[in-house]
file structure_33.txt (compact mmCIF, C-alpha atoms)
# COMPACT_ATOMS: atom_id res chain seq x y z
CA MET A 4 -64.48 -69.19 -76.32
CA THR A 5 -65.41 -72.89 -76.13
CA VAL A 6 -67.22 -74.46 -73.20
CA ARG A 7 -63.96 -76.19 -72.15
CA GLU A 8 -62.04 -72.89 -72.19
CA LEU A 9 -64.83 -71.25 -70.21
CA LEU A 10 -64.74 -74.01 -67.58
CA ASP A 11 -60.94 -73.81 -67.32
CA ALA A 12 -61.12 -70.04 -66.87
CA PHE A 13 -63.74 -70.44 -64.16
CA ALA A 14 -61.56 -73.04 -62.38
CA ARG A 15 -58.58 -70.65 -62.36
CA LEU A 16 -60.76 -67.85 -61.03
CA GLN A 17 -62.11 -70.12 -58.33
CA LYS A 18 -58.58 -70.95 -57.15
CA THR A 19 -57.91 -67.23 -56.79
CA ILE A 20 -61.20 -66.18 -55.23
CA VAL A 21 -61.77 -68.98 -52.71
CA PRO A 22 -58.70 -68.22 -50.50
CA ILE A 23 -59.66 -64.53 -50.46
CA LEU A 24 -63.21 -65.34 -49.39
CA GLU A 25 -61.96 -67.74 -46.73
CA GLU A 26 -59.63 -65.07 -45.30
CA LEU A 27 -62.45 -62.51 -45.36
CA GLY A 28 -64.68 -64.94 -43.51
CA ARG A 29 -62.05 -65.49 -40.81
CA ASN A 30 -61.62 -61.74 -40.36
CA LEU A 31 -65.38 -61.17 -40.11
CA SER A 32 -65.77 -63.95 -37.58
CA ALA A 33 -63.06 -62.37 -35.40
CA LEU A 34 -64.63 -58.91 -35.64
CA ASP A 35 -66.04 -57.60 -32.39
CA LEU A 36 -69.33 -56.15 -33.60
CA GLU A 37 -70.08 -54.56 -30.25
CA GLU A 38 -66.74 -52.76 -30.28
CA LEU A 39 -67.36 -51.65 -33.86
CA LYS A 40 -70.77 -50.29 -32.88
CA ARG A 41 -69.20 -48.44 -29.95
CA ASP A 42 -66.57 -46.92 -32.25
CA LEU A 43 -69.22 -45.70 -34.66
CA GLU A 44 -71.18 -44.11 -31.83
CA THR A 45 -68.29 -42.47 -29.95
CA LEU A 46 -65.39 -41.77 -32.32
CA PRO A 47 -65.00 -38.91 -34.83
CA GLN A 48 -66.46 -39.76 -38.23
CA THR A 49 -65.00 -37.02 -40.46
CA GLY A 50 -61.60 -35.49 -41.12
CA PRO A 51 -62.40 -32.16 -39.40
CA GLU A 52 -63.79 -34.00 -36.39
CA PHE A 53 -60.62 -36.08 -36.13
CA LYS A 54 -58.46 -32.96 -36.38
CA GLU A 55 -60.46 -31.20 -33.67
CA ARG A 56 -60.65 -34.09 -31.24
CA VAL A 57 -57.40 -36.02 -31.83
CA GLY A 58 -55.20 -33.24 -33.19
CA GLY A 59 -56.44 -30.75 -30.61
CA PHE A 60 -55.89 -33.18 -27.75
CA LEU A 61 -52.36 -34.00 -28.91
CA ILE A 62 -51.45 -30.31 -29.16
CA GLU A 63 -52.66 -29.70 -25.62
CA ARG A 64 -50.44 -32.57 -24.51
CA GLY A 65 -47.54 -30.92 -26.38
CA TRP A 66 -47.42 -33.33 -29.34
CA PHE A 67 -47.05 -31.72 -32.77
CA ILE A 68 -47.39 -34.90 -34.77
CA TYR A 69 -51.01 -35.10 -35.95
CA TYR A 70 -50.26 -34.75 -39.68
CA LYS A 71 -47.74 -37.60 -39.50
CA LEU A 72 -50.28 -40.12 -38.21
CA SER A 73 -51.75 -42.89 -40.32
CA PHE A 74 -55.51 -43.41 -40.15
CA GLY A 75 -55.01 -46.51 -38.01
CA GLU A 76 -52.80 -44.60 -35.56
CA ALA A 77 -55.30 -41.75 -35.33
CA MET A 78 -58.08 -44.28 -34.62
CA ALA A 79 -56.04 -45.96 -31.89
CA ILE A 80 -55.35 -42.60 -30.24
CA ALA A 81 -59.01 -41.60 -30.53
CA ARG A 82 -59.98 -44.76 -28.62
CA LEU A 83 -57.46 -44.05 -25.87
CA ILE A 84 -58.72 -40.47 -25.53
CA ARG A 85 -62.32 -41.69 -25.41
CA ASP A 86 -61.44 -44.12 -22.62
CA GLY A 87 -59.54 -41.48 -20.62
CA ARG A 88 -56.21 -43.32 -20.97
CA TYR A 89 -54.14 -40.17 -21.40
CA ASP A 90 -50.84 -41.63 -20.19
CA ASP A 91 -51.27 -44.43 -22.73
CA VAL A 92 -51.72 -41.78 -25.44
CA ASP A 93 -48.34 -40.33 -24.48
CA ASP A 94 -46.71 -43.78 -24.55
CA PHE A 95 -48.26 -44.55 -27.95
CA VAL A 96 -47.17 -41.24 -29.49
CA LEU A 97 -43.69 -41.50 -27.98
CA LYS A 98 -43.12 -44.79 -29.84
CA ILE A 99 -44.20 -43.17 -33.11
CA SER A 100 -41.96 -40.17 -32.42
CA HIS A 101 -38.81 -42.28 -32.48
CA GLY A 102 -39.28 -42.81 -36.21
CA VAL A 103 -40.67 -39.50 -37.44
CA SER A 104 -38.01 -37.41 -35.68
CA GLU A 105 -34.98 -39.18 -37.17
CA ASN A 106 -34.19 -36.59 -39.86
CA THR A 107 -35.20 -33.47 -37.93
CA LEU A 108 -31.65 -32.37 -37.06
CA ASP A 109 -30.52 -32.51 -40.70
CA LEU A 110 -33.57 -30.49 -41.75
CA LEU A 111 -32.97 -27.87 -39.05
CA VAL A 112 -29.29 -27.47 -39.93
CA GLU A 113 -30.18 -27.10 -43.60
CA CYS A 114 -32.77 -24.43 -42.83
CA PHE A 115 -30.95 -22.58 -40.04
CA PRO A 116 -27.20 -23.15 -40.54
CA ASN A 117 -26.22 -20.31 -38.19
CA ARG A 118 -27.69 -22.35 -35.33
CA GLU A 119 -25.96 -25.62 -36.23
CA PRO A 120 -23.48 -25.81 -33.30
CA ILE A 121 -26.18 -25.23 -30.69
CA LEU A 122 -28.68 -27.56 -32.37
CA ARG A 123 -26.12 -30.37 -32.71
CA GLN A 124 -25.22 -30.12 -29.02
CA ALA A 125 -28.89 -30.12 -28.07
CA PHE A 126 -29.61 -33.20 -30.16
CA GLU A 127 -26.49 -34.91 -28.81
CA ALA A 128 -27.81 -34.30 -25.31
CA HIS A 129 -31.18 -35.74 -26.39
CA ASN A 130 -29.54 -38.86 -27.84
CA ASN A 131 -27.53 -39.26 -24.62
CA ARG A 132 -30.73 -38.97 -22.57
CA GLN A 133 -29.56 -35.70 -21.01
CA TYR A 134 -33.01 -34.19 -21.23
CA ALA A 135 -32.36 -31.52 -18.60
CA VAL A 136 -29.95 -30.06 -21.18
CA SER A 137 -31.73 -30.81 -24.46
CA ILE A 138 -35.18 -29.45 -23.54
CA PRO A 139 -34.40 -25.89 -22.35
CA THR A 140 -31.78 -25.49 -25.10
CA MET A 141 -34.23 -26.48 -27.82
CA LEU A 142 -37.03 -24.38 -26.32
CA ALA A 143 -34.75 -21.32 -26.41
CA GLN A 144 -33.82 -22.13 -30.02
CA TRP A 145 -37.51 -22.42 -30.90
CA ASP A 146 -38.05 -18.89 -29.56
CA GLY A 147 -35.17 -17.54 -31.63
CA ILE A 148 -36.05 -19.40 -34.83
CA PHE A 149 -39.65 -18.21 -34.64
CA LEU A 150 -38.43 -14.62 -34.38
CA ASP A 151 -35.98 -15.07 -37.28
CA LEU A 152 -38.60 -16.77 -39.45
CA CYS A 153 -41.65 -14.64 -38.76
CA GLY A 154 -40.07 -11.31 -37.88
CA THR A 155 -41.97 -11.10 -34.62
CA ASN A 156 -41.76 -12.56 -31.12
CA PHE A 157 -44.30 -15.34 -30.51
CA PHE A 158 -44.75 -14.16 -26.94
CA ARG A 159 -45.63 -10.55 -27.71
CA ARG A 160 -48.92 -9.50 -26.17
CA ASN A 161 -50.59 -8.86 -29.54
CA SER A 162 -49.13 -11.94 -31.21
CA GLU A 163 -51.96 -13.94 -32.79
CA TYR A 164 -52.23 -16.29 -35.75
CA ASN A 165 -53.73 -14.06 -38.48
CA ARG A 166 -51.47 -11.15 -37.60
CA VAL A 167 -48.35 -13.33 -37.76
CA CYS A 168 -49.50 -14.91 -41.05
CA THR A 169 -49.87 -11.48 -42.64
CA LYS A 170 -46.48 -10.36 -41.36
CA LEU A 171 -44.81 -13.54 -42.58
CA LYS A 172 -46.40 -13.37 -46.05
CA ASN A 173 -45.43 -9.71 -46.45
CA ARG A 174 -41.92 -10.47 -45.25
CA TYR A 175 -41.36 -12.99 -48.03
CA GLY A 176 -43.59 -11.47 -50.72
CA LEU A 177 -45.96 -14.44 -50.85
CA ASN A 178 -49.37 -12.87 -50.17
CA THR A 179 -51.15 -14.66 -53.01
CA GLU A 180 -49.76 -18.16 -52.49
CA LYS A 181 -52.56 -20.59 -51.61
CA ALA A 182 -50.01 -23.33 -50.97
CA LEU A 183 -48.49 -21.26 -48.19
CA LYS A 184 -51.92 -20.86 -46.55
CA PHE A 185 -52.23 -24.64 -46.32
CA THR A 186 -48.71 -24.96 -44.89
CA LEU A 187 -49.35 -22.29 -42.26
CA GLU A 188 -52.61 -23.94 -41.22
CA MET A 189 -50.75 -27.22 -40.74
CA TYR A 190 -47.54 -26.05 -39.12
CA LEU A 191 -48.03 -22.54 -37.70
CA GLU A 192 -51.62 -22.40 -36.44
CA PRO A 193 -51.13 -25.27 -33.94
CA PHE A 194 -48.71 -23.12 -31.93
CA PHE A 195 -51.48 -20.58 -31.37
CA GLU A 196 -53.84 -23.37 -30.31
CA ALA A 197 -51.33 -24.67 -27.77
CA GLU A 198 -52.21 -22.88 -24.54
CA PHE A 199 -49.29 -24.50 -22.71
CA LEU A 200 -46.84 -22.34 -24.67
CA LYS A 201 -48.10 -19.18 -22.94
CA GLU A 202 -49.48 -20.69 -19.75
CA SER A 203 -48.44 -18.81 -16.62
CA ASN A 204 -46.73 -20.28 -13.59
CA LYS A 205 -49.92 -19.73 -11.57
CA VAL A 206 -52.10 -21.71 -14.01
CA TRP A 207 -49.46 -24.44 -14.22
CA LYS A 208 -49.54 -24.88 -10.43
CA GLN A 209 -53.33 -25.08 -10.47
CA ARG A 210 -53.18 -27.88 -13.04
CA LEU A 211 -50.45 -29.92 -11.32
CA ASN A 212 -52.72 -32.50 -9.70
CA SER A 213 -55.66 -32.33 -12.10
CA SER A 214 -56.67 -34.26 -15.23
CA SER A 215 -55.98 -31.12 -17.28
CA TYR A 216 -52.27 -31.15 -16.38
CA ARG A 217 -50.02 -30.45 -19.39
CA PRO A 218 -46.67 -32.26 -19.32
CA LEU A 219 -44.80 -29.52 -21.18
CA ASN A 220 -44.85 -25.88 -20.08
CA ARG A 221 -42.35 -23.56 -21.71
CA ASN A 222 -42.55 -20.76 -19.11
CA VAL A 223 -42.02 -22.82 -15.98
CA ILE A 224 -39.17 -24.79 -17.57
CA LEU A 225 -37.20 -21.74 -18.76
CA HIS A 226 -37.85 -19.87 -15.47
CA GLY A 227 -36.65 -22.81 -13.38
CA ASN A 228 -39.93 -23.62 -11.66
CA ASP A 229 -40.48 -27.12 -13.06
CA THR A 230 -37.99 -29.73 -11.85
CA GLN A 231 -39.85 -32.71 -13.33
CA TYR A 232 -39.61 -31.72 -17.00
CA PRO A 233 -36.51 -33.76 -18.06
CA THR A 234 -38.24 -36.69 -19.77
CA GLU A 235 -37.77 -38.39 -23.12
CA ALA A 236 -41.32 -37.50 -24.11
CA ASN A 237 -40.81 -33.79 -23.44
CA SER A 238 -37.58 -33.77 -25.42
CA TYR A 239 -39.40 -35.29 -28.40
CA ARG A 240 -42.20 -32.77 -27.99
CA VAL A 241 -39.78 -29.87 -28.43
CA ILE A 242 -38.08 -31.60 -31.38
CA GLN A 243 -41.48 -31.72 -33.08
CA MET A 244 -42.00 -28.00 -32.38
CA LEU A 245 -38.67 -27.23 -34.07
CA ALA A 246 -39.53 -29.47 -37.01
CA PHE A 247 -42.72 -27.48 -37.67
CA LEU A 248 -40.73 -24.25 -38.01
CA ALA A 249 -38.27 -25.94 -40.37
CA LEU A 250 -41.14 -27.23 -42.52
CA ILE A 251 -42.60 -23.72 -42.79
CA TYR A 252 -39.21 -22.34 -43.82
CA SER A 253 -38.70 -25.12 -46.41
CA GLU A 254 -42.10 -24.45 -47.97
CA ILE A 255 -41.42 -20.70 -48.15
CA GLU A 256 -38.08 -21.26 -49.85
CA GLN A 257 -39.65 -23.66 -52.35
CA LEU A 258 -42.36 -21.16 -53.22
CA ARG A 259 -39.80 -18.37 -53.63
CA GLU A 260 -37.76 -20.53 -56.03
CA ASP A 261 -40.85 -21.35 -58.10

call {"tool": "encode", "arguments": {"input": "structure_33.txt", "output": "structure tokens"}}
result
Amino acid sequence: MTVRELLDAFARLQKTIVPILEELGRNLSALDLEELKRDLETLPQTGPEFKERVGGFLIERGWFIYYKLSFGEAMAIARLIRDGRYDDVDDFVLKISHGVSENTLDLLVECFPNREPILRQAFEAHNNRQYAVSIPTMLAQWDGIFLDLCGTNFFRRNSEYNRVCTKLKNRYGLNTEKALKFTLEMYLEPFFEAEFLKESNKVWKQRLNSSSYRPLNRNVILHGNDTQYPTEANSYRVIQMLAFLALIYSEIEQLRED
């Protein structure tokens, strides 16, 4: 390469690099270093920590959406949790839910065709903002689908995660499938971490005016004790619960075909 060719190549590189450096400089100048320092000191720093703090919090609020979050969304939620802005967490997740729940009905009908008429009416009620109809209907369907899928009632006294996993694997002849273990950890275990699913009416009343209040409570809704449950957020919460069962079923069928 001649000196002229070398200089021309450098000039072309400079035209490419300079705008990138200028943009980087603008971004760095706008960066709030104090806020960054605060994030590093107070937010989760590893995947397991994020799952425990963000995923665990969302489950307790009735949101089964953690594995659908981008890193940026998880960070934004972590900041809201840190600052005690729990209602803002619900608003943030509700906006995300509009997109990730779009195909849930099709997936449910594909997996559980015998329930199609009921599921379609429940989703129609949801789309028409008739949440007093959609929520209890979908909660009842969740109970039934869990029983059909796992061969046991979620609300049995001795129902616990490892026991149900063993029963489910034996039921479908998939004891040695590592892929199923990962799926169950993602989509089944959260139900056993969600205390609100088995929370009694007495505990629910104690939480009503406290910071530990849980917006969704299956028992008090289906027994007619909660008259404030018909909200868009709660309807999306139950849709996400149904989606988790459909994803477990889909993975099992895929493994059986392979």

call {"tool": "closest_atom_pairs", "arguments": {"input": "structure_33.txt", "of": "range 182-253 of chain A", "to": "range 63-69 of chain A", "cutoff": "6 Å", "atoms": "all atoms listed in the file", "output": "CSV"}}
result
residue,atom,partner,partner_atom,distance
A:Ala197,CA,A:Glu63,CA,5.6
A:Arg217,CA,A:Arg64,CA,5.6
A:Arg240,CA,A:Trp66,CA,5.4
A:Gln243,CA,A:Phe67,CA,5.6

call {"tool": "residues_around", "arguments": {"input": "structure_33.txt", "residues": "range 174-176 of chain A", "least_positions_apart": "4", "cutoff": "9 Å", "atoms": "all atoms listed in the file", "output": "list of chain:residue names"}}
result
A:Cys153, A:Gly154, A:Thr169, A:Lys170, A:Ile255, A:Arg259

call {"tool": "closest_residue", "arguments": {"input": "structure_33.txt", "among": "A:Asn130, A:Gln124, A:Thr230, A:Asn204", "to": "His101 in chain A", "atoms": "only C-alpha atoms"}}
result
A:Asn130

call {"tool": "atom_distance", "arguments": {"input": "structure_33.txt", "atom1": "CA of Gly75 in chain A", "atom2": "CA of Glu55 in chain A"}}
result
16.8 Å

call {"tool": "residues_near_point", "arguments": {"input": "structure_33.txt", "point": "(-26.9, -27.4, -33.5)", "cutoff": "10 Å", "atoms": "all atoms listed in the file", "output": "mmCIF file with C-alpha atoms, keeping the file's coordinate frame"}}
result
data_model
loop_
_atom_site.group_PDB
_atom_site.id
_atom_site.type_symbol
_atom_site.label_atom_id
_atom_site.label_comp_id
_atom_site.auth_asym_id
_atom_site.auth_seq_id
_atom_site.Cartn_x
_atom_site.Cartn_y
_atom_site.Cartn_z
ATOM 1 C CA LEU A 108 -31.650 -32.370 -37.060
ATOM 2 C CA ASP A 109 -30.520 -32.510 -40.700
ATOM 3 C CA LEU A 111 -32.970 -27.870 -39.050
ATOM 4 C CA VAL A 112 -29.290 -27.470 -39.930
ATOM 5 C CA PHE A 115 -30.950 -22.580 -40.040
ATOM 6 C CA PRO A 116 -27.200 -23.150 -40.540
ATOM 7 C CA ASN A 117 -26.220 -20.310 -38.190
ATOM 8 C CA ARG A 118 -27.690 -22.350 -35.330
ATOM 9 C CA GLU A 119 -25.960 -25.620 -36.230
ATOM 10 C CA PRO A 120 -23.480 -25.810 -33.300
ATOM 11 C CA ILE A 121 -26.180 -25.230 -30.690
ATOM 12 C CA LEU A 122 -28.680 -27.560 -32.370
ATOM 13 C CA ARG A 123 -26.120 -30.370 -32.710
ATOM 14 C CA GLN A 124 -25.220 -30.120 -29.020
ATOM 15 C CA ALA A 125 -28.890 -30.120 -28.070
ATOM 16 C CA PHE A 126 -29.610 -33.200 -30.160
ATOM 17 C CA GLU A 127 -26.490 -34.910 -28.810
ATOM 18 C CA THR A 140 -31.780 -25.490 -25.100
ATOM 19 C CA MET A 141 -34.230 -26.480 -27.820
ATOM 20 C CA GLN A 144 -33.820 -22.130 -30.020
#

call {"tool": "atom_distance", "arguments": {"input": "structure_33.txt", "atom1": "CA of Ile251 in chain A", "atom2": "CA of Asn156 in chain A"}}
result
16.2 Å

call {"tool": "atom_distance", "arguments": {"input": "structure_33.txt", "atom1": "CA of Asp261 in chain A", "atom2": "CA of Glu113 in chain A"}}
result
18.9 Å

call {"tool": "residues_near_point", "arguments": {"input": "structure_33.txt", "point": "(-33.2, -31.2, -26.3)", "cutoff": "8 Å", "atoms": "all atoms listed in the file", "output": "list in words"}}
result
Ala125, Phe126, Ala128, His129, Gln133, Tyr134, Ala135, Val136, Ser137, Ile138, Pro139, Thr140, Met141, Leu142, Ser238, Tyr239, Val241 and Ile242 of chain A

call {"tool": "residues_around", "arguments": {"input": "structure_33.txt", "residues": "Glu163 in chain A", "least_positions_apart": "5", "cutoff": "9 Å", "atoms": "all atoms listed in the file", "output": "PyMOL selection string"}}
result
chain A and resi 157+168+195

call {"tool": "closest_residue", "arguments": {"input": "structure_33.txt", "among": "A:Ile84, A:Ala236, A:Gly102, A:Glu76", "to": "Gly59 in chain A", "atoms": "only C-alpha atoms"}}
result
A:Ile84

call {"tool": "closest_residue", "arguments": {"input": "structure_33.txt", "among": "A:Glu260, A:Leu61, A:Asn173, A:Asn131", "to": "Pro218 in chain A", "atoms": "only C-alpha atoms"}}
result
A:Leu61

call {"tool": "closest_residue", "arguments": {"input": "structure_33.txt", "among": "A:Glu192, A:Arg132, A:Ile80, A:Phe53", "to": "Val92 in chain A", "atoms": "all atoms listed in the file"}}
result
A:Ile80

call {"tool": "residues_around", "arguments": {"input": "structure_33.txt", "residues": "Leu200 in chain A", "least_positions_apart": "3", "cutoff": "9 Å", "atoms": "only C-alpha atoms", "output": "PyMOL selection string"}}
result
chain A and resi 65+158+194-195+197+203+219-222
